[in-house]
Amino acid sequence: MTDDKRILVIDDDVHMRELLELEFTDLGYQVTTADNAFLGLQSLKDEMVDLVILDIKMPGMNGIEALEKIVSTKRELPVIIHSAYSHFRENYLTWSAVAYVIKSGNLDELIQTVKNHMK
Amino acid sequence: MLLQNKKVLTFILAGGKGSRLYPLTRDRSKPAVFFAARFRIIDFVLSSCINSGLRQVYLLTQTKSLSLHQHLRKSWNFLPNELSEFVAPVPAQQRISEEWYSGTADAIYQNLHLLEDHRPEHVFILSGDHIYNMDFNELYRQHIERAADLTMSVLTIKKDEAEPFGVLTMDEDLNINSFIEKPQDPSLIPGESDECHINMGIYLFKTDSLVRMLARDARKMTSHDFGKDIIPAMLDEYRVNGFSFKHSRFGHYWRDVGTIRSYYNANMDFLSQLGDRVVCTPEWPIKTLGAPSPVSYFGGSEGVSIKNSTIDLGSHLYNCRIHNSLIGRGVTVGNDTLIEDSIIMTNSSIGRNCVIRNAIFDKDVIIPDNVQIGCDPHKDQSHFFVSDGIVVIPKDYLL
């Protein structure tokens, strides 16, 4: 059952947000989106979320800073980093994410990773 | 091998409250408490760092940190920034959230950005609370040779003294196979009838292993403590080794100064070690504040009797007796006064015809003529702070 599971997508790319919302809604998840990290953090305060898909390169607060704030307030909430860049994988500040998935046209890896970490 | 040329970063955990050292910690954190009426506790670990070649040192501070920050600014700002060498205090900044450091591991986790900035291969994490000398090159050498993820310094003590510490067991190959923080029944060293191995709060981590453990721990509801959480969780997955402090270069001297009694004993012990010339040697100096004071003055027609004691610079002593005591900088002692088995810190003034026994004076204490301290337990209790038979006079006390 995935109907009661909610995913928060934080990504400044509107096409990526729409793609992920469509895909995960089809899979039965509820999806909330935010186009920047500030709005994403506000969403976490306002509603219950079971997993976060987080972009890194965003204007204003980037995903690395957002990840630190999420872990400090919602320790057990799984965060998956979803970035077009692989080199952030080496950045120690990303290591508290449960997974790091490189963006691609094929969402299979991301979907499988979400399923693995969705309680 | 000198650590100066290695990619090693050092963190010193210097936020200890030292509640059981009250009133010496009334206005300062534990690492800033005076020791031997000359040094601050922090000077020992910092001196070992510098003497070993560790020249990139962050001190993580938290409560009552002004005194420590001032001491660091006055005494430990000599390393050249141009060579990327520094001793730098890092106050708890609430950089990530509104929480202070919730444990020793959380203190490092909240400063992961410093690891990202420096990208060291290995990280020393040291306690700022203890009195000891150590050549960290010895521990580093073992850590590299054995390709350990964590090497921690291990002290051998009697079982009946081990309960306040983290107690561990170690096999012949130095692999640590159990670790329990403050156990009621400490595990013995195999083959020994009454000795245990304890954690000294001296760690060297491979950086990747440290960050993985901190990141994992940050996501759990734990106490975020190295002793309670990180080390026990590493034992099954990582190579965790012990380093025998007893067999190291300065392995004869390590003191925890957690209580007034242990603090007092450590000071007196230090005094006897000084006499034996095994601490503060020219080849392993203990650096501290080098204030521009004149040499001490010993005046009066009958002279000053000094036995088994130290007198720091700038003191003025007149016709008095100083026995088994540590006298700090700028202290004045009047005629016919006896100071015995005591620690008198910086800038205190003691009048004429006084008797001071078994006492600790913090800095800037003023005692008038004809006062007796440490001579009558009942009288002491009604006038002063007394802990375990030792009278402690707090800073700025004016009798």
# chains A, B, ... in the order shown; residues from 1 in each chain; ligands from 1
>>> interface_residues(of="chain A", to="chain B", cutoff="7 Å", atoms="only C-alpha atoms", output="count of residues only")
11
>>> residues_around(residues="Tyr253 (chain B)", least_positions_apart="4", cutoff="10 Å", atoms="only C-alpha atoms", output="number ranges by chain")
B: 131-134, 245-246, 266, 269-270, 273, 278-279
>>> residues_around(residues="Ile202 (chain B)", least_positions_apart="5", cutoff="8 Å", atoms="only C-alpha atoms", output="compact mmCIF listing (two decimals) with C-alpha atoms, in the first residue's frame")
# COMPACT_ATOMS: atom_id res chain seq x y z
CA PHE B 124 42.44 13.27 15.58
CA ILE B 125 39.68 13.86 18.10
CA LEU B 126 41.01 14.67 21.56
CA SER B 127 39.58 15.59 24.92
CA MET B 152 42.06 4.85 20.32
CA SER B 153 44.50 5.29 23.13
>>> residues_around(residues="region 382-388 of chain B", least_positions_apart="4", cutoff="8 Å", atoms="only C-alpha atoms", output="list in words")
Ile260, Arg261, His378, Val392 and Ile393 of chain B
>>> write_last_selection(atoms="N, CA and C atoms", output="tab-separated table (two decimals), in the first residue's frame")
chain	number	residue	atom	x	y	z
B	260	ILE	N	37.02	17.80	42.64
B	260	ILE	CA	37.96	18.64	43.39
B	260	ILE	C	39.07	17.78	43.99
B	261	ARG	N	38.72	16.61	44.50
B	261	ARG	CA	39.74	15.74	45.10
B	261	ARG	C	40.73	15.26	44.04
B	378	HIS	N	35.14	22.40	61.08
B	378	HIS	CA	33.81	22.98	61.35
B	378	HIS	C	33.77	24.45	60.97
B	392	VAL	N	37.97	25.34	49.00
B	392	VAL	CA	38.13	25.96	47.69
B	392	VAL	C	37.60	27.39	47.75
B	393	ILE	N	38.49	28.34	47.51
B	393	ILE	CA	38.10	29.75	47.53
B	393	ILE	C	37.92	30.21	46.08
>>> residues_around(residues="Pro78 (chain A)", least_positions_apart="4", cutoff="10 Å", atoms="only C-alpha atoms", output="MDAnalysis selection string")
(chainID A and resid 49:53 70:71 74 96:99 114 117:119) or (chainID B and resid 219)
>>> write_last_selection(atoms="C-alpha atoms", output="PDB file, in the first residue's frame")
ATOM      1  CA  VAL A  49       6.193  13.512   4.741  1.00  0.00           C
ATOM      2  CA  ASP A  50       7.646  10.002   4.489  1.00  0.00           C
ATOM      3  CA  LEU A  51      10.553  10.646   2.125  1.00  0.00           C
ATOM      4  CA  VAL A  52      12.281  13.581   0.444  1.00  0.00           C
ATOM      5  CA  ILE A  53      13.779  13.689  -3.064  1.00  0.00           C
ATOM      6  CA  ILE A  70      16.325  18.306   7.495  1.00  0.00           C
ATOM      7  CA  VAL A  71      18.565  15.814   9.330  1.00  0.00           C
ATOM      8  CA  LYS A  74      13.698  15.140  11.308  1.00  0.00           C
ATOM      9  CA  SER A  96      23.733  11.807   5.693  1.00  0.00           C
ATOM     10  CA  ALA A  97      21.372  11.250   2.746  1.00  0.00           C
ATOM     11  CA  VAL A  98      20.211   7.632   2.508  1.00  0.00           C
ATOM     12  CA  ALA A  99      21.019   7.503  -1.202  1.00  0.00           C
ATOM     13  CA  VAL A 114      12.396   5.210  -3.147  1.00  0.00           C
ATOM     14  CA  HIS A 117      13.651   3.415   1.709  1.00  0.00           C
ATOM     15  CA  MET A 118       9.917   3.920   2.055  1.00  0.00           C
ATOM     16  CA  LYS A 119       8.831   2.423   5.342  1.00  0.00           C
TER      17      LYS A 119
ATOM     18  CA  ARG B 219      19.897  10.021  11.645  1.00  0.00           C
TER      19      ARG B 219
END
>>> atom_distance(atom1="CA of Asn62 (chain A)", atom2="CA of Phe38 (chain A)")
9.4 Å
>>> select_by_dssp(residues="region 141-281 of chain B", states="alpha helix (DSSP H)", output="JSON, numbers by chain")
{"B": [141, 142, 143, 144, 145, 207, 208, 209, 210, 211, 212, 213, 214, 215, 216, 217, 218, 231, 232, 233, 234, 260, 261, 262, 263, 264, 265, 266, 267, 268, 269, 270, 271, 272, 273, 274, 275]}
>>> write_last_selection(atoms="C-alpha atoms", output="tab-separated table (two decimals), in the first residue's frame")
chain	number	residue	atom	x	y	z
B	141	ARG	CA	52.35	5.28	13.10
B	142	GLN	CA	50.44	2.31	14.51
B	143	HIS	CA	47.19	3.55	12.94
B	144	ILE	CA	48.78	3.68	9.47
B	145	GLU	CA	50.70	0.42	9.78
B	207	THR	CA	38.15	10.39	7.76
B	208	ASP	CA	35.77	8.43	5.51
B	209	SER	CA	34.98	5.98	8.30
B	210	LEU	CA	34.38	8.81	10.75
B	211	VAL	CA	32.02	10.67	8.45
B	212	ARG	CA	30.06	7.53	7.59
B	213	MET	CA	29.54	6.81	11.27
B	214	LEU	CA	28.63	10.38	12.14
B	215	ALA	CA	26.16	10.61	9.27
B	216	ARG	CA	24.55	7.34	10.30
B	217	ASP	CA	24.41	8.35	13.95
B	218	ALA	CA	22.94	11.76	13.09
B	231	ILE	CA	32.57	3.27	19.03
B	232	PRO	CA	30.25	0.39	20.02
B	233	ALA	CA	28.54	0.66	16.60
B	234	MET	CA	31.90	0.47	14.79
B	260	ILE	CA	37.96	18.64	43.39
B	261	ARG	CA	39.74	15.74	45.10
B	262	SER	CA	41.15	14.30	41.87
B	263	TYR	CA	42.09	17.81	40.74
B	264	TYR	CA	43.90	18.48	44.01
B	265	ASN	CA	45.66	15.12	43.93
B	266	ALA	CA	46.70	15.63	40.30
B	267	ASN	CA	48.22	19.01	41.17
B	268	MET	CA	50.16	17.54	44.09
B	269	ASP	CA	51.19	14.60	41.95
B	270	PHE	CA	52.38	17.02	39.29
B	271	LEU	CA	54.47	18.77	41.92
B	272	SER	CA	56.27	15.56	42.77
B	273	GLN	CA	56.67	14.73	39.05
B	274	LEU	CA	58.23	18.15	38.58
B	275	GLY	CA	60.67	17.29	41.31
>>> closest_residue(among="A:Leu41, A:Ala66, A:Leu77, A:Ile56", to="Val101 (chain A)", atoms="only C-alpha atoms")
A:Ile56
>>> residues_around(residues="Glu21 (chain A)", least_positions_apart="3", cutoff="10 Å", atoms="only C-alpha atoms", output="mmCIF file with N, CA and C atoms, in the first residue's frame")
data_model
loop_
_atom_site.group_PDB
_atom_site.id
_atom_site.type_symbol
_atom_site.label_atom_id
_atom_site.label_comp_id
_atom_site.auth_asym_id
_atom_site.auth_seq_id
_atom_site.Cartn_x
_atom_site.Cartn_y
_atom_site.Cartn_z
ATOM 1 N N ILE A 7 5.559 11.771 -0.617
ATOM 2 C CA ILE A 7 6.927 12.130 -1.027
ATOM 3 C C ILE A 7 6.970 13.635 -1.254
ATOM 4 N N LEU A 8 8.026 14.257 -0.760
ATOM 5 C CA LEU A 8 8.262 15.679 -1.033
ATOM 6 C C LEU A 8 9.400 15.784 -2.043
ATOM 7 N N VAL A 9 9.133 16.434 -3.164
ATOM 8 C CA VAL A 9 10.163 16.654 -4.188
ATOM 9 C C VAL A 9 10.595 18.121 -4.118
ATOM 10 N N HIS A 15 10.270 20.962 -15.012
ATOM 11 C CA HIS A 15 10.010 19.736 -15.767
ATOM 12 C C HIS A 15 10.299 18.501 -14.922
ATOM 13 N N MET A 16 11.371 18.559 -14.174
ATOM 14 C CA MET A 16 11.698 17.425 -13.307
ATOM 15 C C MET A 16 10.625 17.256 -12.225
ATOM 16 N N ARG A 17 10.182 18.368 -11.657
ATOM 17 C CA ARG A 17 9.124 18.271 -10.634
ATOM 18 C C ARG A 17 7.871 17.607 -11.210
ATOM 19 N N GLU A 18 7.490 18.075 -12.420
ATOM 20 C CA GLU A 18 6.267 17.526 -13.029
ATOM 21 C C GLU A 18 6.433 16.046 -13.374
ATOM 22 N N PHE A 24 5.405 9.280 -9.664
ATOM 23 C CA PHE A 24 5.159 8.699 -8.332
ATOM 24 C C PHE A 24 3.683 8.709 -7.971
ATOM 25 N N THR A 25 2.931 9.637 -8.555
ATOM 26 C CA THR A 25 1.481 9.592 -8.348
ATOM 27 C C THR A 25 0.914 8.341 -9.014
ATOM 28 N N ASP A 26 1.421 8.050 -10.209
ATOM 29 C CA ASP A 26 0.986 6.828 -10.901
ATOM 30 C C ASP A 26 1.293 5.579 -10.096
ATOM 31 N N LEU A 27 2.373 5.653 -9.348
ATOM 32 C CA LEU A 27 2.759 4.491 -8.531
ATOM 33 C C LEU A 27 1.974 4.428 -7.220
ATOM 34 N N TYR A 29 1.733 6.955 -4.814
ATOM 35 C CA TYR A 29 2.199 7.826 -3.729
ATOM 36 C C TYR A 29 1.496 9.175 -3.816
ATOM 37 N N GLN A 30 1.405 9.850 -2.697
ATOM 38 C CA GLN A 30 1.013 11.256 -2.703
ATOM 39 C C GLN A 30 2.286 12.077 -2.859
ATOM 40 N N VAL A 31 2.219 13.103 -3.667
ATOM 41 C CA VAL A 31 3.434 13.866 -3.959
ATOM 42 C C VAL A 31 3.198 15.352 -3.716
ATOM 43 N N THR A 32 4.097 15.949 -2.971
ATOM 44 C CA THR A 32 4.122 17.403 -2.788
ATOM 45 C C THR A 32 5.401 17.909 -3.439
ATOM 46 N N THR A 33 5.341 19.064 -4.075
ATOM 47 C CA THR A 33 6.558 19.592 -4.692
ATOM 48 C C THR A 33 6.873 20.986 -4.147
#
>>> atom_distance(atom1="CA of Leu168 (chain B)", atom2="CA of Leu59 (chain B)")
26.7 Å
>>> closest_residue(among="A:Met48, A:Leu67, A:Ile111, A:Val79", to="Gly28 (chain A)", atoms="only C-alpha atoms")
A:Ile111
>>> residues_around(residues="Gly351 (chain B)", least_positions_apart="3", cutoff="7 Å", atoms="only C-alpha atoms", output="list in words")
Val333, Gly334, Cys354, Ile367, Pro368 and Asp369 of chain B
>>> closest_residue(among="B:Ile339, B:Ile189, B:Val57, B:Ala147", to="Asp171 (chain B)", atoms="only C-alpha atoms")
B:Ile189
>>> closest_residue(among="B:Leu3, B:Arg352, B:Thr63, B:Ala107", to="Arg26 (chain B)", atoms="only C-alpha atoms")
B:Thr63
>>> atom_distance(atom1="CA of Lys7 (chain B)", atom2="CA of Gln56 (chain B)")
9.5 Å
>>> closest_residue(among="B:Leu399, B:Cys49, B:Cys196, B:Leu188", to="Leu155 (chain B)", atoms="only C-alpha atoms")
B:Cys196
>>> select_by_dssp(residues="region 16-200 of chain B", states="strand (DSSP E or B)", output="ChimeraX atom specification")
/B:34-35,39-40,56-61,86-91,122-127,130-132,150-158,166-170,175-181,195-200
